[in-house]
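Chemist: Coordinates in input.cif, mmCIF, C-alpha atoms and all ligand atoms, are listed below.
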```
data_input
loop_
_atom_site.label_atom_id
_atom_site.label_comp_id
_atom_site.auth_asym_id
_atom_site.auth_seq_id
_atom_site.Cartn_x
_atom_site.Cartn_y
_atom_site.Cartn_z
CA MET Z 258 12.51 -12.84 -28.52
CA PRO Z 259 11.02 -14.06 -25.21
CA VAL Z 260 12.98 -13.18 -22.06
CA LYS Z 261 13.97 -16.30 -20.10
CA GLY Z 262 16.25 -14.96 -17.42
CA ALA Z 263 17.78 -12.02 -15.59
CA GLU Z 264 20.12 -11.13 -12.74
CA ILE Z 265 17.20 -10.08 -10.54
CA GLY Z 266 13.74 -11.64 -10.51
CA VAL Z 267 10.79 -9.93 -8.84
CA ILE Z 268 7.54 -11.79 -8.20
CA GLY Z 269 4.55 -9.44 -8.01
CA GLY Z 270 4.02 -6.11 -9.74
CA GLY Z 271 2.32 -4.27 -6.88
CA ALA Z 272 3.57 -1.36 -4.82
CA ALA Z 273 6.58 -3.26 -3.43
CA GLY Z 274 7.52 -5.13 -6.61
CA LEU Z 275 7.32 -2.13 -8.94
CA GLY Z 276 9.24 0.11 -6.55
CA VAL Z 277 12.03 -2.40 -5.89
CA ALA Z 278 12.27 -3.33 -9.61
CA TRP Z 279 12.67 0.35 -10.56
CA GLN Z 280 15.37 1.00 -7.98
CA LEU Z 281 17.35 -2.09 -8.97
CA ALA Z 282 16.98 -1.50 -12.72
CA ALA Z 283 18.19 2.08 -12.13
CA ARG Z 284 21.30 0.62 -10.44
CA GLY Z 285 22.11 -1.23 -13.69
CA TYR Z 286 20.85 -4.76 -12.96
CA THR Z 287 18.86 -6.72 -15.52
CA VAL Z 288 15.45 -7.07 -13.88
CA LEU Z 289 12.59 -9.40 -14.75
CA LEU Z 290 9.27 -8.79 -13.01
CA LEU Z 291 6.59 -11.48 -13.25
CA GLU Z 292 3.03 -10.37 -12.50
CA ALA Z 293 0.08 -12.77 -12.21
CA ARG Z 294 -2.44 -10.30 -13.66
CA GLU Z 295 -1.68 -6.66 -14.58
CA PRO Z 296 0.79 -4.40 -12.72
CA GLY Z 297 -0.94 -2.68 -9.81
CA SER Z 298 -4.00 -4.93 -10.00
CA GLY Z 299 -3.64 -6.15 -6.40
CA ALA Z 300 -4.02 -3.87 -3.39
CA MET Z 301 -2.06 -1.07 -5.07
CA THR Z 302 -4.73 0.46 -7.30
CA ALA Z 303 -7.53 -0.52 -4.91
CA SER Z 304 -5.95 1.86 -2.44
CA GLY Z 305 -6.80 5.45 -1.55
CA GLY Z 306 -3.20 6.66 -1.98
CA MET Z 307 -3.13 8.51 1.35
CA LEU Z 308 0.28 9.35 2.81
CA SER Z 309 -0.81 9.71 6.36
CA PRO Z 310 1.81 8.76 8.98
CA ALA Z 311 0.21 10.59 11.91
CA TYR Z 312 -3.13 8.84 11.60
CA GLU Z 313 -1.80 5.41 10.69
CA ALA Z 314 0.56 4.78 13.61
CA GLU Z 315 -0.80 2.93 16.60
CA TYR Z 316 0.41 3.92 20.04
CA GLU Z 317 2.82 1.00 20.41
CA GLU Z 318 4.32 1.25 16.93
CA ILE Z 319 7.01 3.92 17.23
CA PRO Z 320 9.49 2.18 14.84
CA LEU Z 321 6.76 1.93 12.22
CA LEU Z 322 5.83 5.60 12.71
CA ARG Z 323 9.48 6.58 12.11
CA ALA Z 324 9.51 4.51 8.91
CA PHE Z 325 6.22 6.13 7.77
CA LEU Z 326 7.58 9.64 8.39
CA HIS Z 327 10.83 9.02 6.55
CA SER Z 328 9.05 7.44 3.59
CA ARG Z 329 6.58 10.33 3.31
CA ARG Z 330 9.51 12.76 3.23
CA LEU Z 331 10.93 10.89 0.23
CA TYR Z 332 7.78 11.50 -1.85
CA PRO Z 333 8.62 14.98 -3.24
CA ALA Z 334 11.89 13.62 -4.67
CA TRP Z 335 10.05 10.59 -6.05
CA ALA Z 336 7.47 12.84 -7.71
CA GLU Z 337 10.33 14.86 -9.20
CA ALA Z 338 12.07 11.74 -10.53
CA LEU Z 339 9.00 9.86 -11.77
CA GLY Z 340 6.78 12.65 -13.15
CA ASP Z 341 3.06 13.04 -12.51
CA ILE Z 342 2.04 10.63 -9.74
CA GLY Z 343 -0.72 12.92 -8.48
CA TYR Z 344 1.39 13.87 -5.46
CA THR Z 345 -0.05 16.68 -3.34
CA ALA Z 346 1.14 17.83 0.09
CA CYS Z 347 -2.39 18.76 1.09
CA GLY Z 348 -2.43 17.55 4.70
CA THR Z 349 -5.01 15.20 6.25
CA TYR Z 350 -7.88 15.72 8.66
CA GLU Z 351 -9.19 13.41 11.37
CA LEU Z 352 -12.66 14.09 12.77
CA ALA Z 353 -14.58 12.85 15.80
CA LEU Z 354 -18.07 11.89 14.62
CA THR Z 355 -19.83 12.48 17.95
CA PRO Z 356 -18.99 14.23 21.26
CA GLU Z 357 -18.25 10.76 22.73
CA ASP Z 358 -15.49 10.31 20.14
CA VAL Z 359 -13.72 13.58 21.00
CA PRO Z 360 -11.61 12.14 23.87
CA TYR Z 361 -10.29 9.44 21.54
CA VAL Z 362 -9.29 11.92 18.82
CA LYS Z 363 -7.79 14.20 21.49
CA ARG Z 364 -5.72 11.36 22.98
CA ARG Z 365 -4.41 10.54 19.56
CA TRP Z 366 -3.56 14.24 18.97
CA GLU Z 367 -1.62 14.28 22.26
CA PHE Z 368 0.27 11.14 21.21
CA GLU Z 369 1.10 12.65 17.80
CA ARG Z 370 2.39 15.86 19.37
CA ALA Z 371 4.45 13.88 21.88
CA GLN Z 372 6.12 12.25 18.86
CA GLY Z 373 7.03 15.71 17.53
CA LEU Z 374 4.43 15.75 14.73
CA GLU Z 375 2.81 18.98 13.65
CA VAL Z 376 -0.91 18.43 14.19
CA GLU Z 377 -3.44 21.17 14.85
CA TRP Z 378 -6.53 20.84 17.09
CA LEU Z 379 -9.70 22.17 15.40
CA GLU Z 380 -13.17 22.82 16.75
CA GLY Z 381 -16.05 25.23 16.24
CA ALA Z 382 -15.34 28.10 13.85
CA ALA Z 383 -11.75 26.97 13.22
CA LEU Z 384 -12.94 23.55 12.07
CA ARG Z 385 -15.54 25.09 9.76
CA ARG Z 386 -13.00 27.55 8.32
CA HIS Z 387 -10.92 24.56 7.25
CA LEU Z 388 -13.80 22.32 6.18
CA SER Z 389 -16.82 24.40 5.17
CA ASN Z 390 -18.74 21.35 3.88
CA VAL Z 391 -18.61 19.35 7.09
CA SER Z 392 -21.91 18.84 8.90
CA PRO Z 393 -22.52 21.16 11.90
CA ARG Z 394 -22.92 17.93 13.94
CA ILE Z 395 -19.17 17.25 13.81
CA PRO Z 396 -17.75 18.45 17.14
CA ALA Z 397 -13.96 18.52 16.63
CA GLY Z 398 -10.99 17.18 14.74
CA THR Z 399 -7.33 17.61 13.91
CA TYR Z 400 -5.28 18.66 10.87
CA ALA Z 401 -1.84 17.27 10.01
CA PRO Z 402 -0.47 19.71 7.39
CA ASP Z 403 2.61 17.65 6.47
CA GLU Z 404 0.64 14.70 5.10
CA GLY Z 405 -0.42 14.20 1.51
CA GLN Z 406 -1.63 11.81 -1.14
CA VAL Z 407 -0.87 10.33 -4.55
CA VAL Z 408 -3.05 8.81 -7.27
CA PRO Z 409 -2.18 5.09 -7.21
CA GLU Z 410 -2.97 4.52 -10.93
CA LEU Z 411 -0.57 7.34 -11.90
CA LEU Z 412 2.08 6.00 -9.52
CA ARG Z 413 1.71 2.56 -11.10
CA ASP Z 414 1.98 3.98 -14.65
CA ARG Z 415 5.07 6.09 -13.87
CA LEU Z 416 6.81 3.13 -12.16
CA VAL Z 417 6.12 0.85 -15.13
CA GLU Z 418 7.56 3.50 -17.48
CA ALA Z 419 10.61 4.01 -15.25
CA ILE Z 420 11.34 0.26 -15.12
CA GLN Z 421 11.06 0.03 -18.89
CA ARG Z 422 13.27 3.12 -19.35
CA HIS Z 423 15.99 1.24 -17.47
CA ARG Z 424 15.47 -1.81 -19.71
CA GLY Z 425 13.68 -3.84 -17.05
CA THR Z 426 11.15 -6.39 -18.31
CA ILE Z 427 7.61 -6.72 -16.95
CA LEU Z 428 5.59 -9.78 -17.94
CA SER Z 429 1.87 -9.51 -17.16
CA HIS Z 430 -0.45 -12.53 -16.89
CA THR Z 431 2.54 -14.60 -15.83
CA PRO Z 432 1.75 -16.11 -12.42
CA VAL Z 433 4.59 -17.85 -10.62
CA GLN Z 434 3.16 -21.08 -9.25
CA HIS Z 435 6.29 -22.63 -7.90
CA ILE Z 436 9.96 -21.76 -7.19
CA SER Z 437 12.87 -24.18 -7.30
CA TYR Z 438 16.59 -23.64 -6.71
CA ALA Z 439 19.29 -25.53 -8.59
CA SER Z 440 22.72 -24.78 -10.11
CA GLN Z 441 22.97 -21.53 -8.12
CA ALA Z 442 19.85 -20.06 -9.72
CA PHE Z 443 16.17 -19.72 -8.95
CA HIS Z 444 13.73 -21.26 -11.41
CA LEU Z 445 10.35 -19.56 -11.54
CA HIS Z 446 7.72 -21.93 -12.88
CA THR Z 447 4.75 -20.32 -14.63
CA PRO Z 448 1.98 -22.09 -16.60
CA HIS Z 449 3.80 -21.69 -19.93
CA GLN Z 450 7.47 -21.22 -19.21
CA THR Z 451 10.22 -21.37 -16.58
CA TYR Z 452 12.38 -18.29 -15.96
CA THR Z 453 15.81 -18.34 -14.35
CA VAL Z 454 17.21 -15.58 -12.13
CA GLU Z 455 20.25 -15.21 -9.85
CA THR Z 456 18.62 -13.15 -7.09
CA LEU Z 457 14.95 -13.35 -6.20
CA ILE Z 458 12.64 -10.87 -4.48
CA VAL Z 459 9.22 -12.29 -3.65
CA CYS Z 460 6.55 -9.65 -3.09
CA PRO Z 461 3.15 -10.98 -4.17
CA GLY Z 462 1.13 -9.25 -1.43
CA VAL Z 463 -1.74 -11.70 -0.99
CA PRO Z 464 -0.26 -14.59 -3.03
CA LEU Z 465 -2.21 -15.93 -6.01
CA GLU Z 466 -2.06 -19.24 -7.91
CA GLY Z 467 -1.04 -21.30 -4.87
CA LEU Z 468 2.39 -19.65 -4.53
CA ARG Z 469 3.71 -20.78 -1.13
CA LEU Z 470 5.43 -18.41 1.30
CA PRO Z 471 7.27 -19.26 4.54
CA PHE Z 472 4.77 -17.16 6.57
CA LYS Z 473 1.02 -16.64 6.55
CA VAL Z 474 -0.52 -13.63 4.81
CA TYR Z 475 -3.94 -12.51 6.08
CA PRO Z 476 -6.00 -10.72 3.40
CA ILE Z 477 -7.82 -7.75 4.95
CA ARG Z 478 -10.60 -6.65 2.64
CA GLY Z 479 -11.28 -2.97 2.04
CA GLN Z 480 -14.40 -1.86 0.17
CA MET Z 481 -14.33 1.50 -1.63
CA ILE Z 482 -16.79 3.74 -3.51
CA ALA Z 483 -16.06 6.55 -5.98
CA VAL Z 484 -18.67 9.33 -6.14
CA GLU Z 485 -18.80 12.46 -8.22
CA SER Z 486 -17.43 15.50 -6.38
CA PRO Z 487 -19.87 18.45 -6.15
CA HIS Z 488 -17.05 20.47 -7.78
CA PRO Z 489 -13.31 19.88 -8.25
CA ASN Z 490 -12.19 21.98 -5.24
CA TRP Z 491 -15.02 20.90 -2.97
CA LEU Z 492 -12.63 19.23 -0.51
CA SER Z 493 -8.96 20.21 -0.09
CA ALA Z 494 -7.53 17.11 1.61
CA PRO Z 495 -8.39 13.56 2.74
CA VAL Z 496 -10.74 13.51 5.73
CA ARG Z 497 -10.73 10.54 8.08
CA TYR Z 498 -13.43 10.10 10.70
CA PHE Z 499 -13.74 7.96 13.77
CA ASN Z 500 -16.71 6.63 15.69
CA LYS Z 501 -16.52 4.23 18.63
CA MET Z 502 -19.51 2.20 17.38
CA THR Z 503 -18.92 2.15 13.63
CA GLY Z 504 -15.12 2.50 13.41
CA TYR Z 505 -13.15 4.40 10.80
CA GLY Z 506 -14.06 5.85 7.44
CA TYR Z 507 -12.58 8.36 5.03
CA THR Z 508 -13.33 10.66 2.11
CA ILE Z 509 -10.45 11.38 -0.27
CA PRO Z 510 -10.67 14.14 -2.90
CA LYS Z 511 -9.29 13.16 -6.33
CA GLY Z 512 -10.27 16.18 -8.44
CA SER Z 513 -13.55 15.41 -10.21
CA TYR Z 514 -14.41 12.53 -7.87
CA LEU Z 515 -14.17 11.48 -4.22
CA ILE Z 516 -13.17 8.08 -2.88
CA LEU Z 517 -15.18 6.90 0.10
CA GLY Z 518 -13.77 4.05 2.19
CA GLY Z 519 -12.91 1.94 3.79
CA THR Z 520 -13.77 -1.23 5.59
CA ALA Z 521 -11.21 -3.59 7.17
CA GLU Z 522 -12.60 -7.12 7.13
CA GLU Z 523 -10.90 -10.48 7.53
CA LYS Z 524 -12.85 -12.65 5.06
CA GLY Z 525 -10.13 -14.76 3.47
CA TYR Z 526 -9.53 -14.34 -0.25
CA ASP Z 527 -13.09 -13.11 -0.93
CA PRO Z 528 -12.90 -9.74 -2.76
CA SER Z 529 -16.71 -9.26 -2.86
CA LEU Z 530 -18.57 -6.09 -2.11
CA THR Z 531 -21.27 -6.49 0.54
CA VAL Z 532 -24.45 -4.63 1.40
CA GLY Z 533 -23.17 -4.08 4.95
CA GLY Z 534 -19.78 -2.76 3.83
CA VAL Z 535 -21.21 -0.33 1.29
CA LEU Z 536 -23.92 0.77 3.73
CA ASP Z 537 -21.35 1.50 6.48
CA ILE Z 538 -19.17 3.53 4.11
CA LEU Z 539 -22.07 5.60 2.75
CA ARG Z 540 -23.71 6.10 6.15
CA ARG Z 541 -20.49 7.45 7.72
CA ALA Z 542 -19.63 9.67 4.74
CA TYR Z 543 -23.17 11.08 4.59
CA TYR Z 544 -23.09 11.81 8.33
CA VAL Z 545 -19.95 13.93 7.83
CA PHE Z 546 -20.83 15.44 4.44
CA PRO Z 547 -24.64 15.72 4.02
CA ASP Z 548 -24.16 17.41 0.61
CA LEU Z 549 -23.12 14.04 -0.84
CA TYR Z 550 -26.75 12.88 -0.81
CA GLU Z 551 -27.40 13.95 -4.42
CA GLN Z 552 -24.03 12.92 -5.84
CA ARG Z 553 -23.78 10.22 -8.48
CA ILE Z 554 -22.01 6.96 -7.61
CA LEU Z 555 -19.35 6.21 -10.21
CA ARG Z 556 -17.76 2.94 -9.13
CA PHE Z 557 -17.46 0.34 -6.36
CA TRP Z 558 -14.50 -1.97 -5.73
CA ALA Z 559 -12.75 -3.98 -3.06
CA GLY Z 560 -9.10 -4.88 -2.49
CA LEU Z 561 -7.19 -7.22 -0.18
CA ARG Z 562 -4.55 -5.66 2.05
CA PRO Z 563 -1.67 -8.08 2.75
CA ALA Z 564 -1.24 -8.35 6.53
CA THR Z 565 0.84 -10.59 8.78
CA ALA Z 566 -0.39 -12.06 12.08
CA ASP Z 567 1.09 -9.17 14.10
CA ARG Z 568 0.32 -6.58 11.39
CA ARG Z 569 4.01 -5.69 11.04
CA PRO Z 570 5.87 -5.67 7.73
CA VAL Z 571 8.09 -8.59 6.73
CA PHE Z 572 11.59 -8.06 5.32
CA TRP Z 573 13.10 -11.54 5.32
CA LYS Z 574 16.29 -12.79 3.74
CA VAL Z 575 16.89 -16.51 3.54
CA SER Z 576 20.20 -17.44 5.10
CA GLY Z 577 22.94 -18.20 2.57
CA LEU Z 578 20.75 -17.51 -0.47
CA PRO Z 579 20.00 -14.32 -2.44
CA LEU Z 580 16.30 -14.75 -1.68
CA TYR Z 581 14.20 -11.96 -0.15
CA TYR Z 582 10.56 -11.80 0.98
CA ILE Z 583 8.88 -8.40 1.22
CA ASN Z 584 5.32 -8.48 2.56
CA GLY Z 585 2.90 -7.38 5.26
CA LEU Z 586 2.68 -3.78 4.02
CA TYR Z 587 -0.97 -4.08 5.07
CA ARG Z 588 -2.68 -0.66 4.94
CA ASN Z 589 0.45 1.45 4.34
CA GLY Z 590 2.16 0.05 1.27
CA ILE Z 591 1.78 3.25 -0.75
CA LEU Z 592 3.10 5.38 2.10
CA LEU Z 593 6.01 3.00 2.68
CA LEU Z 594 6.83 2.50 -1.00
CA PRO Z 595 9.81 4.89 -1.36
CA LEU Z 596 11.50 3.64 1.81
CA VAL Z 597 10.84 -0.01 0.94
CA ALA Z 598 12.06 0.39 -2.64
CA GLU Z 599 15.22 2.32 -1.78
CA GLY Z 600 15.91 0.25 1.34
CA VAL Z 601 15.48 -3.14 -0.34
CA ALA Z 602 17.55 -2.07 -3.37
CA ALA Z 603 20.45 -1.07 -1.05
CA TRP Z 604 20.04 -4.32 0.91
CA VAL Z 605 20.13 -6.47 -2.24
CA SER Z 606 22.93 -4.60 -4.00
CA GLU Z 607 25.17 -3.57 -1.08
CA GLY Z 608 24.05 -5.81 1.78
CA ILE Z 609 23.10 -2.76 3.87
CA VAL Z 610 19.93 -2.97 5.95
CA HIS Z 611 18.27 0.46 6.24
CA PRO Z 612 18.14 1.35 9.97
CA LEU Z 613 14.43 2.19 9.73
CA LEU Z 614 13.67 -1.22 8.22
CA ALA Z 615 15.95 -3.08 10.66
CA PRO Z 616 13.20 -3.61 13.31
CA PHE Z 617 11.23 -5.59 10.70
CA THR Z 618 14.16 -7.38 9.05
CA ARG Z 619 15.12 -11.01 9.75
CA GLU Z 620 17.55 -13.54 8.35
CA VAL Z 621 15.64 -16.85 8.27
CA GLU Z 622 16.40 -20.51 7.63
CA GLU Z 623 12.97 -21.40 6.27
CA THR Z 624 14.01 -22.15 2.69
CA GLY Z 625 12.11 -25.45 2.46
CA LEU Z 626 8.66 -23.90 2.51
CA ALA Z 627 9.17 -21.90 -0.64
CA LEU Z 628 11.79 -24.04 -2.32
CA SER Z 629 10.14 -27.43 -2.53
CA PRO Z 630 11.34 -29.66 -5.41
CA ALA Z 631 10.40 -28.65 -8.93
CA PRO Z 632 7.35 -30.44 -10.30
CA PRO Z 633 8.10 -33.12 -12.90
CA ALA Z 634 8.39 -31.86 -16.48
CA PRO Z 635 5.12 -32.27 -18.43
C1 LIG V 1 -9.02 -0.58 0.05
C2 LIG V 1 -7.56 -0.28 0.30
C3 LIG V 1 -7.16 1.00 0.64
C4 LIG V 1 -5.81 1.29 0.86
N1 LIG V 1 -5.44 2.58 1.12
C5 LIG V 1 -4.12 2.88 1.31
C6 LIG V 1 -3.69 4.21 1.51
O1 LIG V 1 -4.51 5.15 1.47
N2 LIG V 1 -2.37 4.46 1.74
C7 LIG V 1 -1.44 3.44 1.77
O2 LIG V 1 -0.26 3.70 2.01
N3 LIG V 1 -1.82 2.15 1.54
C8 LIG V 1 -3.12 1.86 1.32
N4 LIG V 1 -3.52 0.56 1.09
C9 LIG V 1 -2.52 -0.51 1.23
C10 LIG V 1 -1.64 -0.70 -0.01
O3 LIG V 1 -2.43 -0.73 -1.16
C11 LIG V 1 -0.88 -2.03 0.16
O4 LIG V 1 -0.18 -2.01 1.40
C12 LIG V 1 0.14 -2.25 -0.96
O5 LIG V 1 -0.49 -2.23 -2.21
C13 LIG V 1 0.84 -3.59 -0.75
O6 LIG V 1 1.82 -3.73 -1.74
P1 LIG V 1 2.31 -5.16 -2.22
O7 LIG V 1 3.19 -4.93 -3.38
O8 LIG V 1 2.82 -5.91 -1.04
O9 LIG V 1 0.97 -5.91 -2.68
P2 LIG V 1 0.04 -5.59 -3.95
O10 LIG V 1 -0.01 -4.14 -4.22
O11 LIG V 1 -1.24 -6.33 -3.69
O12 LIG V 1 0.82 -6.26 -5.16
C14 LIG V 1 1.07 -7.64 -5.22
C15 LIG V 1 1.09 -8.06 -6.69
O13 LIG V 1 1.58 -9.40 -6.79
C16 LIG V 1 0.82 -10.10 -7.75
N5 LIG V 1 0.91 -11.54 -7.47
C17 LIG V 1 0.30 -12.26 -6.49
N6 LIG V 1 0.62 -13.55 -6.58
C18 LIG V 1 1.45 -13.68 -7.64
C19 LIG V 1 2.10 -14.79 -8.26
N7 LIG V 1 1.94 -16.04 -7.79
N8 LIG V 1 2.88 -14.56 -9.34
C20 LIG V 1 3.08 -13.30 -9.84
N9 LIG V 1 2.45 -12.21 -9.29
C21 LIG V 1 1.65 -12.39 -8.20
C22 LIG V 1 -0.58 -9.53 -7.58
O14 LIG V 1 -1.36 -9.73 -8.78
C23 LIG V 1 -0.29 -8.06 -7.31
O15 LIG V 1 -0.29 -7.28 -8.48
C24 LIG V 1 -4.85 0.26 0.80
C25 LIG V 1 -5.25 -1.04 0.42
C26 LIG V 1 -6.59 -1.30 0.17
C27 LIG V 1 -6.99 -2.69 -0.26
#
```
How does this structure look as structure tokens?
Ligand SMILES: Cc1cc2nc3c(=O)[nH]c(=O)nc-3n(C[C@H](O)[C@H](O)[C@H](O)COP(=O)(O)OP(=O)(O)OC[C@H]3O[C@@H](n4cnc5c(N)ncnc54)[C@H](O)[C@@H]3O)c2cc1C
Modeler:
Amino acid sequence: MPVKGAEIGVIGGGAAGLGVAWQLAARGYTVLLLEAREPGSGAMTASGGMLSPAYEAEYEEIPLLRAFLHSRRLYPAWAEALGDIGYTACGTYELALTPEDVPYVKRRWEFERAQGLEVEWLEGAALRRHLSNVSPRIPAGTYAPDEGQVVPELLRDRLVEAIQRHRGTILSHTPVQHISYASQAFHLHTPHQTYTVETLIVCPGVPLEGLRLPFKVYPIRGQMIAVESPHPNWLSAPVRYFNKMTGYGYTIPKGSYLILGGTAEEKGYDPSLTVGGVLDILRRAYYVFPDLYEQRILRFWAGLRPATADRRPVFWKVSGLPLYYINGLYRNGILLLPLVAEGVAAWVSEGIVHPLLAPFTREVEETGLALSPAPPAP
């Protein structure tokens, strides 16, 4: 029998939607998650799965750094509860590509240490002891041993299973095009059916199918390439590299293959791969790891990171209504997933705002933008 309603509705089956749906279903609510395509098909499975607080925080973003660190610490318990999500506490490296880049990487290292993070400075023989495959051209870098990674596809699969174990319902290929509010319930209009829920959590990342939000989401494209690894233990941890002229890149070991990324381009909704993007990724990776020259390319893809104008996350509740917007997870939605999921579930069920999410949380009046009148019945 088709499901038509639930206590809690979630729009979007990406990192935020799957995590929040699991946490609320586990608290005993009936949960209905509507996904425009397939779960995880947005930014989630396009991502590299790095859990890298030290290298993600910008100098002015101390509240975000605290949120990153707390969320990363939740991952071992999440891996325990969910099963195999490919979680490894392998650390992360950051390398300076040229001698001119060393002061930048050093400044960042000093900032990280000032924040109490454990990060090691590496150069010369020490660097090569850690990373024997790195080109002799690489002058220096750092190692943050507390960081780690997951495999986003496994995380997606385990979250889907966990939601279903708690009797939550996930409907794929069910885009929400419009939301209306009447008789103390939200009505979610999809091409074939309307679903009714009491509480609504809207987390579509970059919204599809014309779904309107009361703030602007900027899609930031990231291009990625999977190449065969020379052997499964060829690289022990994600390696990020920085160059003043060409920006950032990274190589992430995933067992039999490596993921090379990643560009950050503001090109609207266009998820295309480009010659320039692919060239930049390969050129940087080859500069760091010359042995990759002979490796087979397995796959290319691109994803759209959901960013806000100021690149901070959005946790909005509409005043007087059980309506929540979770967005702007930008380039850290996998890292932030446990904190977001647990924090939003406590907020929705108990009205408690997690102190680490408080700097990004707002109660807003802007109902009209999302809750325009329902379209006339066909
Ligand atoms: C190339 C790349 C690399 C990345 N690397 C990392 C990394 O290493 N570490 C990290 O922490 N983060 C990383 N990220 C960022 C991370 O993937 C995102 O921050 C995270 O996925 C955002 O979660 P979300 O749920 O907000 O959006 P998404 O994961 O995009 O999920 C949104 C979902 O909503 C659905 N949807 C949209 N509109 C509708 C609608 N109208 N109706 C129903 N459903 C709808 C979409 O189909 C999608 O499945 C990366 C992202 C990219 C693109």
Chemist: Using all atoms listed in the file, which residues sit within 12 Å of Ala314 (chain Z) once same-chain residues fewer than 2 positions away are excluded, as a ChimeraX atom specification?
Modeler: /Z:308-312,316-326,365-366,368-369,372,374,568-569,588-589,592
Chemist: Which of these residues is nearest to ligand LIG 1 (chain V), using all atoms listed in the file: Z:Ser389, Z:Thr426, Z:Thr508, Z:Ser440?
Modeler: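 Nearest to ligand LIG 1 (chain V): Z:Thr508.
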Chemist: Grab me every residue within 6 Å of ligand LIG 1 (chain V), counting all atoms listed in the file, and send it over as a PyMOL selection string.
Modeler: chain Z and resi 268-274+291-294+296-301+303-308+432-434+460-466+468+479-481+519+559-562+584+586-592
Chemist: Filtering to C-alpha atoms, could you give me those residues as a PDB file, in the frame of the given file?
Modeler:
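Writing the result to result_0.pdb gives the following:
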```
ATOM      1  CA  ILE Z 268       7.540 -11.790  -8.200  1.00  0.00           C
ATOM      2  CA  GLY Z 269       4.550  -9.440  -8.010  1.00  0.00           C
ATOM      3  CA  GLY Z 270       4.020  -6.110  -9.740  1.00  0.00           C
ATOM      4  CA  GLY Z 271       2.320  -4.270  -6.880  1.00  0.00           C
ATOM      5  CA  ALA Z 272       3.570  -1.360  -4.820  1.00  0.00           C
ATOM      6  CA  ALA Z 273       6.580  -3.260  -3.430  1.00  0.00           C
ATOM      7  CA  GLY Z 274       7.520  -5.130  -6.610  1.00  0.00           C
ATOM      8  CA  LEU Z 291       6.590 -11.480 -13.250  1.00  0.00           C
ATOM      9  CA  GLU Z 292       3.030 -10.370 -12.500  1.00  0.00           C
ATOM     10  CA  ALA Z 293       0.080 -12.770 -12.210  1.00  0.00           C
ATOM     11  CA  ARG Z 294      -2.440 -10.300 -13.660  1.00  0.00           C
ATOM     12  CA  PRO Z 296       0.790  -4.400 -12.720  1.00  0.00           C
ATOM     13  CA  GLY Z 297      -0.940  -2.680  -9.810  1.00  0.00           C
ATOM     14  CA  SER Z 298      -4.000  -4.930 -10.000  1.00  0.00           C
ATOM     15  CA  GLY Z 299      -3.640  -6.150  -6.400  1.00  0.00           C
ATOM     16  CA  ALA Z 300      -4.020  -3.870  -3.390  1.00  0.00           C
ATOM     17  CA  MET Z 301      -2.060  -1.070  -5.070  1.00  0.00           C
ATOM     18  CA  ALA Z 303      -7.530  -0.520  -4.910  1.00  0.00           C
ATOM     19  CA  SER Z 304      -5.950   1.860  -2.440  1.00  0.00           C
ATOM     20  CA  GLY Z 305      -6.800   5.450  -1.550  1.00  0.00           C
ATOM     21  CA  GLY Z 306      -3.200   6.660  -1.980  1.00  0.00           C
ATOM     22  CA  MET Z 307      -3.130   8.510   1.350  1.00  0.00           C
ATOM     23  CA  LEU Z 308       0.280   9.350   2.810  1.00  0.00           C
ATOM     24  CA  PRO Z 432       1.750 -16.110 -12.420  1.00  0.00           C
ATOM     25  CA  VAL Z 433       4.590 -17.850 -10.620  1.00  0.00           C
ATOM     26  CA  GLN Z 434       3.160 -21.080  -9.250  1.00  0.00           C
ATOM     27  CA  CYS Z 460       6.550  -9.650  -3.090  1.00  0.00           C
ATOM     28  CA  PRO Z 461       3.150 -10.980  -4.170  1.00  0.00           C
ATOM     29  CA  GLY Z 462       1.130  -9.250  -1.430  1.00  0.00           C
ATOM     30  CA  VAL Z 463      -1.740 -11.700  -0.990  1.00  0.00           C
ATOM     31  CA  PRO Z 464      -0.260 -14.590  -3.030  1.00  0.00           C
ATOM     32  CA  LEU Z 465      -2.210 -15.930  -6.010  1.00  0.00           C
ATOM     33  CA  GLU Z 466      -2.060 -19.240  -7.910  1.00  0.00           C
ATOM     34  CA  LEU Z 468       2.390 -19.650  -4.530  1.00  0.00           C
ATOM     35  CA  GLY Z 479     -11.280  -2.970   2.040  1.00  0.00           C
ATOM     36  CA  GLN Z 480     -14.400  -1.860   0.170  1.00  0.00           C
ATOM     37  CA  MET Z 481     -14.330   1.500  -1.630  1.00  0.00           C
ATOM     38  CA  GLY Z 519     -12.910   1.940   3.790  1.00  0.00           C
ATOM     39  CA  ALA Z 559     -12.750  -3.980  -3.060  1.00  0.00           C
ATOM     40  CA  GLY Z 560      -9.100  -4.880  -2.490  1.00  0.00           C
ATOM     41  CA  LEU Z 561      -7.190  -7.220  -0.180  1.00  0.00           C
ATOM     42  CA  ARG Z 562      -4.550  -5.660   2.050  1.00  0.00           C
ATOM     43  CA  ASN Z 584       5.320  -8.480   2.560  1.00  0.00           C
ATOM     44  CA  LEU Z 586       2.680  -3.780   4.020  1.00  0.00           C
ATOM     45  CA  TYR Z 587      -0.970  -4.080   5.070  1.00  0.00           C
ATOM     46  CA  ARG Z 588      -2.680  -0.660   4.940  1.00  0.00           C
ATOM     47  CA  ASN Z 589       0.450   1.450   4.340  1.00  0.00           C
ATOM     48  CA  GLY Z 590       2.160   0.050   1.270  1.00  0.00           C
ATOM     49  CA  ILE Z 591       1.780   3.250  -0.750  1.00  0.00           C
ATOM     50  CA  LEU Z 592       3.100   5.380   2.100  1.00  0.00           C
TER      51      LEU Z 592
END
```
